[in-house]
Amino acid sequence: MKSVIKVENLVTKFGSKVVHNGVNLDVKEGQIYAILGESGSGKSVLVKEIIMLLKPTAGDIYIFGKNIKNLTSKEVQKLKQEWGVLFQFGALFTSLSVANNIAFLLKEYTKLSKKMINYIIDEKLEMVGLDASVKYLYPHELSGGMIKRAALARTLALDPKLLFLDEPTSGLDPVGARGFDELISNLRDILDLTIVMITHDLDTIHNIVDEMSILADQKVVAEGTLEEILKSDHPFVQKFFKNEYVNKRLKNV
Amino acid sequence: MSFINYKTVNKNNTTYLYCYGSWRVNTIDKVEKNLLKLKISNKLVIDAKEIKELDSSGALLLFLVQKNALESGVNAEIVNLTPKQERLLEIIKSNFIQESKPFKVKEDFLADIGRSTVDVIKYLIEFIGFIGELFIRTLDIFKKPRNFRIKETVYFIQSTGINALPIIGMTSFLVGVVIAYQTIVQLSKFGADIFVVDASSISIARELGPMITAIVVAGRSASSFTAEIGAMKLTEEIDAMKTMGFMPFFFLVIPRVTALVIALPILIFFSDIVGIFGSMIATNAQIGLSFDIFINRLYEVLALKHYVIGILKGPFFAIIIALIGVFHGLRVSQDTESIGKETTQSVVNAIFFVIVCDALFSVIFTELGI
């Protein structure tokens, strides 16, 4: 399998505070990949560095085989059309209706007719499980779950090949969260997506994540499938996966 | 790279639509219009064998072409899809909505006028309600003085009053200079130069001092009140406060209003002094009138009443500015855009109502002969 994202010896420092010291990870095509870690372990910072919102202090990040340090601004622009980012709180543009939020990318980056854009909007909303009537609403009129879904629809507008999700199920009720998991996994299958997510949701990890890495002590202390991770004896892994509650859950598998 | 990713061939009474290359959202825009207008009189076969990349928008377009053909009574099928593409198309088909409504709603002009009118009326009613609530809460404070927040009030006197001194000083000084300067030009035509003292001092003490101060304070403080309270509303701090049993009115509204009521008259007093000082300097520079003569003349003409009227307007302006600033802050809804909107509105409304109030005072005092 081709490697979609490769992070090599990444170092991040904010002043004298070291966030990452030699982080390595490898996301392969078609995977759902999770990044785990305690709060403050630098998960969000890592993802922000991959999506080029922050610059690492040292180290290399390869996306689709290219080092993002060496991209020209044109290549960066092209790359940004090939990935989609779902922020934790949706980050829908508050001044635009849901339809215009989705249409925004289509209008900027393609010359599609209004009619076609409209068909695409309906299609995406339906795909993420929202009613088409939602498109006239503004972000502040939506519930938390609807915001997540609408934001996902916007993220999917340009059919990206790579999707970044920041805590996709946080703030959703358990039923909604499982529905969202299923949706993400289905979309991966249909659209050939590669998905990288930050999550704490054990059910998500168990149900749909293929591989994951655990961030602790400023580096990746374990990487691999759930089974491989469980073999690790790092304190965080022990604490996170080996408590009574999880044991009960995993036994039923 | 060629963007023409289809070709049509007529064979055996059947139209073959050969698709090839990339059918992605950013490539189909070149062919979309032609394809959707495609007229087929007999059978249509869409051959997807050569399609290299198909995303959901590409699949949607294929489906629309097929649907159009079927609707015009032509037999149409899509062949040679890979199993994965087949599945994608299946999903597109199941998600398709027959009646796709346009995503932009056309605004009716009359409805727009109606809505704006209702909004203005609602705004006024809400504002009157707000004033009423302030009144009741103020009475509560008199009953239970412990609810009065001295620390916050002092903080706001500092931020709205003392910190505003430099800018108010500068503006008042310049206005004083300009008034004296312009008046002298006119008065010297009649040889009545000395009357510049009357004109500038009375107009500054009665009207200009209070107005300039109020307008500067409206710009500084009404906006900051709105933004501060609006941001607190966005982050649900005000809701948090309510759940803890604290009245936002005691913490957010009354300290600001009280602070401004105290600070504004002092600022007007300061503005008067600096403004008249500006006039004095300008007069001296223009016609060489000595400071002694200016001040002596000032004693004769500037009756106490002019000065007191100016200062008296202070608390009224202060209440208007603080109330409008706070009121707009509390009106901020859940989207970030509304902070900007409400801030603009609060400054505009504060200045407008200050001027309305000043006009009222003018009429009242003139009618009373003061």
# chains A, B, ... in the order shown; residues from 1 in each chain; ligands from 1
>>> closest_atom_pairs(of="chain B", to="chain A", cutoff="7 Å", atoms="only C-alpha atoms", output="Markdown table")
| residue | atom | partner | partner_atom | distance |
| --- | --- | --- | --- | --- |
| B:Val25 | CA | A:Leu158 | CA | 6.2 |
| B:Asn26 | CA | A:Thr110 | CA | 5.4 |
| B:Asp29 | CA | A:Leu112 | CA | 4.6 |
| B:Asp55 | CA | A:Asp159 | CA | 6.4 |
| B:Ser56 | CA | A:Asp159 | CA | 6.9 |
| B:Ser57 | CA | A:Ile120 | CA | 6.4 |
| B:Lys84 | CA | A:Ile190 | CA | 7.0 |
| B:Leu88 | CA | A:Ile190 | CA | 5.7 |
| B:Ile92 | CA | A:Glu123 | CA | 7.0 |
| B:Asn95 | CA | A:Glu126 | CA | 5.6 |
| B:Phe96 | CA | A:Glu123 | CA | 6.1 |
| B:Ser100 | CA | A:Tyr119 | CA | 6.8 |
| B:Pro102 | CA | A:Asn118 | CA | 6.4 |
| B:Phe103 | CA | A:Ala99 | CA | 6.0 |
| B:Gln334 | CA | A:His140 | CA | 5.8 |
| B:Asp335 | CA | A:Thr94 | CA | 5.9 |
| B:Thr336 | CA | A:Thr94 | CA | 6.8 |
| B:Glu337 | CA | A:Ser95 | CA | 6.4 |
>>> write_last_selection(atoms="all heavy atoms", output="compact mmCIF listing (two decimals), in the first residue's frame")
# COMPACT_ATOMS: atom_id res chain seq x y z
N VAL B 25 -14.75 16.38 -9.75
CA VAL B 25 -15.53 17.61 -9.60
C VAL B 25 -14.86 18.80 -10.29
O VAL B 25 -15.50 19.68 -10.83
CB VAL B 25 -15.81 17.88 -8.11
CG1 VAL B 25 -14.53 18.14 -7.35
CG2 VAL B 25 -16.77 19.04 -7.92
N ASN B 26 -13.52 18.80 -10.32
CA ASN B 26 -12.84 19.95 -10.93
C ASN B 26 -12.53 19.76 -12.42
O ASN B 26 -11.89 20.59 -13.03
CB ASN B 26 -11.57 20.30 -10.16
CG ASN B 26 -10.74 19.09 -9.85
OD1 ASN B 26 -11.02 17.99 -10.34
ND2 ASN B 26 -9.70 19.26 -9.06
N ASP B 29 -16.61 20.30 -15.01
CA ASP B 29 -17.28 21.58 -15.31
C ASP B 29 -17.16 21.97 -16.79
O ASP B 29 -17.99 22.71 -17.29
CB ASP B 29 -16.77 22.69 -14.38
CG ASP B 29 -15.26 22.80 -14.34
OD1 ASP B 29 -14.60 22.00 -15.04
OD2 ASP B 29 -14.75 23.66 -13.62
N ASP B 55 -15.32 10.48 -9.16
CA ASP B 55 -15.69 10.83 -7.80
C ASP B 55 -17.20 11.02 -7.72
O ASP B 55 -17.91 10.78 -8.71
CB ASP B 55 -14.93 12.05 -7.29
CG ASP B 55 -15.38 13.34 -7.96
OD1 ASP B 55 -16.30 13.28 -8.79
OD2 ASP B 55 -14.80 14.38 -7.65
N SER B 56 -17.70 11.40 -6.59
CA SER B 56 -19.15 11.40 -6.43
C SER B 56 -19.82 12.41 -7.36
O SER B 56 -20.90 12.17 -7.86
CB SER B 56 -19.52 11.66 -4.98
OG SER B 56 -19.06 12.91 -4.58
N SER B 57 -19.15 13.56 -7.61
CA SER B 57 -19.76 14.53 -8.52
C SER B 57 -19.77 14.00 -9.95
O SER B 57 -20.72 14.23 -10.70
CB SER B 57 -19.00 15.85 -8.45
OG SER B 57 -19.02 16.33 -7.15
N LYS B 84 -16.71 -1.02 -7.75
CA LYS B 84 -16.66 0.10 -6.82
C LYS B 84 -17.45 1.30 -7.35
O LYS B 84 -18.20 1.94 -6.64
CB LYS B 84 -15.21 0.50 -6.59
CG LYS B 84 -14.97 0.92 -5.18
CD LYS B 84 -13.51 0.96 -4.89
CE LYS B 84 -13.29 0.78 -3.41
NZ LYS B 84 -11.91 0.59 -3.05
N LEU B 88 -20.75 3.26 -5.97
CA LEU B 88 -20.82 4.71 -5.83
C LEU B 88 -22.08 5.24 -6.52
O LEU B 88 -22.84 6.03 -5.97
CB LEU B 88 -19.56 5.34 -6.43
CG LEU B 88 -19.49 6.86 -6.45
CD1 LEU B 88 -19.58 7.43 -5.05
CD2 LEU B 88 -18.18 7.32 -7.09
N ILE B 92 -25.28 7.27 -5.08
CA ILE B 92 -25.71 8.54 -5.65
C ILE B 92 -27.20 8.46 -5.99
O ILE B 92 -27.98 9.36 -5.70
CB ILE B 92 -24.90 8.86 -6.92
CG1 ILE B 92 -23.43 9.02 -6.60
CG2 ILE B 92 -25.46 10.07 -7.65
CD1 ILE B 92 -23.09 10.28 -5.87
N ASN B 95 -29.43 8.55 -2.99
CA ASN B 95 -29.45 9.84 -2.30
C ASN B 95 -30.06 10.95 -3.14
O ASN B 95 -30.14 12.08 -2.68
CB ASN B 95 -28.02 10.26 -1.94
CG ASN B 95 -27.48 9.48 -0.77
OD1 ASN B 95 -28.25 8.87 -0.03
ND2 ASN B 95 -26.18 9.45 -0.62
N PHE B 96 -30.43 10.64 -4.35
CA PHE B 96 -30.87 11.71 -5.24
C PHE B 96 -32.26 12.21 -4.85
O PHE B 96 -33.15 11.42 -4.53
CB PHE B 96 -30.88 11.22 -6.69
CG PHE B 96 -31.13 12.33 -7.66
CD1 PHE B 96 -30.10 13.22 -7.96
CD2 PHE B 96 -32.36 12.52 -8.25
CE1 PHE B 96 -30.31 14.26 -8.83
CE2 PHE B 96 -32.58 13.57 -9.12
CZ PHE B 96 -31.55 14.43 -9.41
N SER B 100 -35.18 19.16 -6.59
CA SER B 100 -34.08 19.92 -6.02
C SER B 100 -34.42 21.39 -6.07
O SER B 100 -34.61 21.97 -7.13
CB SER B 100 -32.82 19.64 -6.82
OG SER B 100 -31.75 20.31 -6.24
N PRO B 102 -33.68 25.39 -5.56
CA PRO B 102 -32.50 26.25 -5.65
C PRO B 102 -32.03 26.65 -4.26
O PRO B 102 -32.84 26.81 -3.36
CB PRO B 102 -32.97 27.47 -6.43
CG PRO B 102 -34.45 27.43 -6.34
CD PRO B 102 -34.84 26.00 -6.22
N PHE B 103 -30.71 26.79 -4.09
CA PHE B 103 -30.21 27.05 -2.74
C PHE B 103 -30.21 28.51 -2.37
O PHE B 103 -29.91 28.88 -1.26
CB PHE B 103 -28.83 26.43 -2.52
CG PHE B 103 -27.74 26.99 -3.37
CD1 PHE B 103 -26.96 28.04 -2.91
CD2 PHE B 103 -27.46 26.45 -4.60
CE1 PHE B 103 -25.93 28.54 -3.68
CE2 PHE B 103 -26.44 26.95 -5.39
CZ PHE B 103 -25.68 28.00 -4.93
N GLN B 334 -25.85 33.76 18.55
CA GLN B 334 -24.79 32.77 18.69
C GLN B 334 -23.73 32.79 17.59
O GLN B 334 -22.82 31.98 17.62
CB GLN B 334 -25.39 31.38 18.81
CG GLN B 334 -25.66 31.06 20.28
CD GLN B 334 -26.34 29.76 20.43
OE1 GLN B 334 -26.98 29.28 19.50
NE2 GLN B 334 -26.21 29.16 21.57
N ASP B 335 -23.88 33.67 16.62
CA ASP B 335 -22.82 33.65 15.61
C ASP B 335 -21.88 34.84 15.77
O ASP B 335 -22.26 35.91 16.22
CB ASP B 335 -23.40 33.59 14.19
CG ASP B 335 -24.37 34.70 13.92
OD1 ASP B 335 -25.12 35.07 14.85
OD2 ASP B 335 -24.38 35.20 12.81
N THR B 336 -20.64 34.60 15.38
CA THR B 336 -19.60 35.60 15.56
C THR B 336 -19.89 36.87 14.77
O THR B 336 -19.50 37.95 15.17
CB THR B 336 -18.25 35.04 15.09
OG1 THR B 336 -18.48 34.17 14.01
CG2 THR B 336 -17.55 34.32 16.20
N GLU B 337 -20.57 36.71 13.63
CA GLU B 337 -20.81 37.86 12.78
C GLU B 337 -21.62 38.92 13.52
O GLU B 337 -21.46 40.11 13.31
CB GLU B 337 -21.56 37.41 11.53
CG GLU B 337 -21.45 38.37 10.38
CD GLU B 337 -22.52 38.10 9.35
OE1 GLU B 337 -23.40 37.25 9.59
OE2 GLU B 337 -22.48 38.73 8.30
>>> residues_around(residues="Val47 (chain A)", least_positions_apart="5", cutoff="9 Å", atoms="only C-alpha atoms", output="list of chain:residue names")
A:Ile35, A:Gly42, A:Met52, A:Leu53, A:Leu54, A:Phe164, A:Asp166, A:Val196, A:Met197, A:Ile198
>>> write_last_selection(atoms="C-alpha atoms", output="PDB file, in the first residue's frame")
ATOM      1  CA  ILE A  35      -3.926   9.729  16.656  1.00  0.00           C
ATOM      2  CA  GLY A  42       0.409  17.604  21.009  1.00  0.00           C
ATOM      3  CA  MET A  52       0.204  23.318   7.158  1.00  0.00           C
ATOM      4  CA  LEU A  53      -1.385  25.593   9.716  1.00  0.00           C
ATOM      5  CA  LEU A  54       1.747  25.421  11.854  1.00  0.00           C
ATOM      6  CA  PHE A 164      -8.631  15.033   8.605  1.00  0.00           C
ATOM      7  CA  ASP A 166     -10.634  16.453  14.781  1.00  0.00           C
ATOM      8  CA  VAL A 196      -6.712  10.713   9.770  1.00  0.00           C
ATOM      9  CA  MET A 197      -8.503  11.497  12.977  1.00  0.00           C
ATOM     10  CA  ILE A 198      -7.851  12.670  16.464  1.00  0.00           C
TER      11      ILE A 198
END
>>> select_by_dssp(residues="region 118-228 of chain A", states="strand (DSSP E)", output="list in words")
Leu162, Leu163, Phe164, Leu165, Asp166, Thr194, Ile195, Val196, Met197, Ile198, Glu211, Met212, Ser213, Ile214, Leu215, Ala216, Lys219, Val220, Val221, Ala222, Glu223 and Gly224 of chain A
>>> residues_around(residues="Leu92 (chain A)", least_positions_apart="6", cutoff="9 Å", atoms="only C-alpha atoms", output="list in words")
Val98, Asn101, Pro139, Ile147, Ala150, Ala151 and Arg154 of chain A
>>> atom_distance(atom1="CA of Asn186 (chain A)", atom2="CA of Glu108 (chain A)")
27.6 Å
>>> residues_around(residues="Phe269 (chain B)", least_positions_apart="2", cutoff="9 Å", atoms="only C-alpha atoms", output="MDAnalysis selection string")
chainID B and resid 205 209:210 264:267 271:274 307 310:311
>>> select_by_dssp(residues="region 16-251 of chain A", states="alpha helix (DSSP H)", output="PyMOL selection string")
chain A and resi 43-50+73-82+98-109+114-127+144-155+174-191+202-207+226-230+235-241+244-251
>>> residues_around(residues="Asp233 (chain A)", least_positions_apart="6", cutoff="10 Å", atoms="only C-alpha atoms", output="CSV table (one decimal) with N, CA, C and O atoms, in the first residue's frame")
chain,number,residue,atom,x,y,z
A,221,VAL,N,4.7,6.5,21.0
A,221,VAL,CA,5.2,5.4,21.8
A,221,VAL,C,4.7,4.0,21.3
A,221,VAL,O,5.2,3.0,21.7
A,222,ALA,N,3.7,4.1,20.5
A,222,ALA,CA,3.2,2.8,20.0
A,222,ALA,C,2.4,3.1,18.7
A,222,ALA,O,1.7,4.1,18.6
A,239,LYS,N,-3.2,2.8,31.0
A,239,LYS,CA,-4.3,3.5,31.6
A,239,LYS,C,-5.5,3.6,30.7
A,239,LYS,O,-6.6,3.5,31.1
A,242,LYS,N,-6.4,-0.5,29.4
A,242,LYS,CA,-6.5,-1.7,30.2
A,242,LYS,C,-7.3,-1.5,31.5
A,242,LYS,O,-7.0,-2.2,32.5
>>> atom_distance(atom1="CA of Asp358 (chain B)", atom2="CA of Phe316 (chain B)")
9.3 Å
>>> decode(residues="region 26-67 of chain B", atoms="N, CA and C atoms", output="short mmCIF file (atom, residue, chain, number, x, y, z; two decimals), in the first residue's frame")
data_model
loop_
_atom_site.label_atom_id
_atom_site.label_comp_id
_atom_site.auth_asym_id
_atom_site.auth_seq_id
_atom_site.Cartn_x
_atom_site.Cartn_y
_atom_site.Cartn_z
N ASN B 26 -13.52 18.80 -10.32
CA ASN B 26 -12.84 19.95 -10.93
C ASN B 26 -12.53 19.76 -12.42
N THR B 27 -12.98 18.63 -13.01
CA THR B 27 -12.79 18.48 -14.45
C THR B 27 -14.11 18.43 -15.21
N ILE B 28 -15.17 18.02 -14.53
CA ILE B 28 -16.43 17.87 -15.26
C ILE B 28 -17.09 19.20 -15.61
N ASP B 29 -16.61 20.30 -15.01
CA ASP B 29 -17.28 21.58 -15.31
C ASP B 29 -17.16 21.97 -16.79
N LYS B 30 -16.15 21.43 -17.46
CA LYS B 30 -15.98 21.78 -18.88
C LYS B 30 -17.05 21.15 -19.77
N VAL B 31 -17.55 19.99 -19.34
CA VAL B 31 -18.44 19.25 -20.23
C VAL B 31 -19.86 19.18 -19.70
N GLU B 32 -20.03 19.64 -18.47
CA GLU B 32 -21.30 19.45 -17.78
C GLU B 32 -22.48 20.02 -18.57
N LYS B 33 -22.33 21.26 -19.07
CA LYS B 33 -23.47 21.91 -19.72
C LYS B 33 -23.86 21.17 -20.99
N ASN B 34 -22.84 20.77 -21.80
CA ASN B 34 -23.15 20.06 -23.04
C ASN B 34 -23.83 18.73 -22.75
N LEU B 35 -23.32 18.04 -21.72
CA LEU B 35 -23.85 16.72 -21.43
C LEU B 35 -25.30 16.78 -20.96
N LEU B 36 -25.60 17.82 -20.15
CA LEU B 36 -26.96 17.90 -19.63
C LEU B 36 -27.95 18.31 -20.71
N LYS B 37 -27.40 18.88 -21.83
CA LYS B 37 -28.29 19.27 -22.92
C LYS B 37 -28.36 18.22 -24.02
N LEU B 38 -27.60 17.16 -23.82
CA LEU B 38 -27.49 16.12 -24.84
C LEU B 38 -28.87 15.61 -25.26
N LYS B 39 -29.13 15.68 -26.58
CA LYS B 39 -30.42 15.17 -27.09
C LYS B 39 -30.19 13.81 -27.75
N ILE B 40 -30.91 12.87 -27.27
CA ILE B 40 -30.78 11.54 -27.87
C ILE B 40 -32.16 11.10 -28.34
N SER B 41 -32.21 10.66 -29.58
CA SER B 41 -33.53 10.29 -30.11
C SER B 41 -33.78 8.79 -30.00
N ASN B 42 -32.69 8.03 -29.91
CA ASN B 42 -32.91 6.58 -29.82
C ASN B 42 -32.35 6.03 -28.52
N LYS B 43 -31.62 4.98 -28.60
CA LYS B 43 -31.13 4.35 -27.37
C LYS B 43 -29.80 4.97 -26.95
N LEU B 44 -29.58 5.10 -25.62
CA LEU B 44 -28.31 5.68 -25.14
C LEU B 44 -27.55 4.63 -24.32
N VAL B 45 -26.29 4.46 -24.69
CA VAL B 45 -25.42 3.59 -23.88
C VAL B 45 -24.25 4.43 -23.39
N ILE B 46 -24.13 4.53 -22.08
CA ILE B 46 -22.99 5.27 -21.51
C ILE B 46 -21.91 4.26 -21.17
N ASP B 47 -20.78 4.37 -21.86
CA ASP B 47 -19.71 3.40 -21.65
C ASP B 47 -18.65 4.01 -20.74
N ALA B 48 -18.52 3.47 -19.54
CA ALA B 48 -17.61 4.05 -18.55
C ALA B 48 -16.29 3.31 -18.47
N LYS B 49 -16.04 2.48 -19.48
CA LYS B 49 -14.88 1.59 -19.41
C LYS B 49 -13.57 2.35 -19.23
N GLU B 50 -13.46 3.49 -19.91
CA GLU B 50 -12.17 4.21 -19.93
C GLU B 50 -12.04 5.25 -18.83
N ILE B 51 -13.03 5.32 -17.96
CA ILE B 51 -12.94 6.32 -16.90
C ILE B 51 -11.84 5.93 -15.92
N LYS B 52 -10.91 6.87 -15.72
CA LYS B 52 -9.77 6.55 -14.84
C LYS B 52 -10.12 6.90 -13.40
N GLU B 53 -10.71 8.07 -13.24
CA GLU B 53 -11.06 8.52 -11.89
C GLU B 53 -12.52 8.94 -11.90
N LEU B 54 -13.26 8.46 -10.94
CA LEU B 54 -14.66 8.87 -10.84
C LEU B 54 -14.92 9.24 -9.40
N ASP B 55 -15.32 10.48 -9.16
CA ASP B 55 -15.69 10.83 -7.80
C ASP B 55 -17.20 11.02 -7.72
N SER B 56 -17.70 11.40 -6.59
CA SER B 56 -19.15 11.40 -6.43
C SER B 56 -19.82 12.41 -7.36
N SER B 57 -19.15 13.56 -7.61
CA SER B 57 -19.76 14.53 -8.52
C SER B 57 -19.77 14.00 -9.95
N GLY B 58 -18.69 13.32 -10.32
CA GLY B 58 -18.64 12.71 -11.66
C GLY B 58 -19.75 11.68 -11.81
N ALA B 59 -19.92 10.86 -10.78
CA ALA B 59 -20.96 9.84 -10.83
C ALA B 59 -22.33 10.50 -10.90
N LEU B 60 -22.47 11.59 -10.17
CA LEU B 60 -23.75 12.32 -10.18
C LEU B 60 -24.06 12.81 -11.60
N LEU B 61 -23.02 13.30 -12.29
CA LEU B 61 -23.23 13.79 -13.65
C LEU B 61 -23.66 12.65 -14.58
N LEU B 62 -22.98 11.50 -14.47
CA LEU B 62 -23.36 10.34 -15.28
C LEU B 62 -24.82 9.98 -15.03
N PHE B 63 -25.16 9.98 -13.74
CA PHE B 63 -26.52 9.62 -13.38
C PHE B 63 -27.53 10.62 -13.95
N LEU B 64 -27.18 11.92 -13.92
CA LEU B 64 -28.08 12.94 -14.44
C LEU B 64 -28.29 12.77 -15.95
N VAL B 65 -27.21 12.44 -16.66
CA VAL B 65 -27.33 12.23 -18.11
C VAL B 65 -28.29 11.07 -18.38
N GLN B 66 -28.09 10.02 -17.61
CA GLN B 66 -28.96 8.85 -17.77
C GLN B 66 -30.41 9.20 -17.45
N LYS B 67 -30.57 9.96 -16.36
CA LYS B 67 -31.92 10.31 -15.92
C LYS B 67 -32.63 11.18 -16.97
#
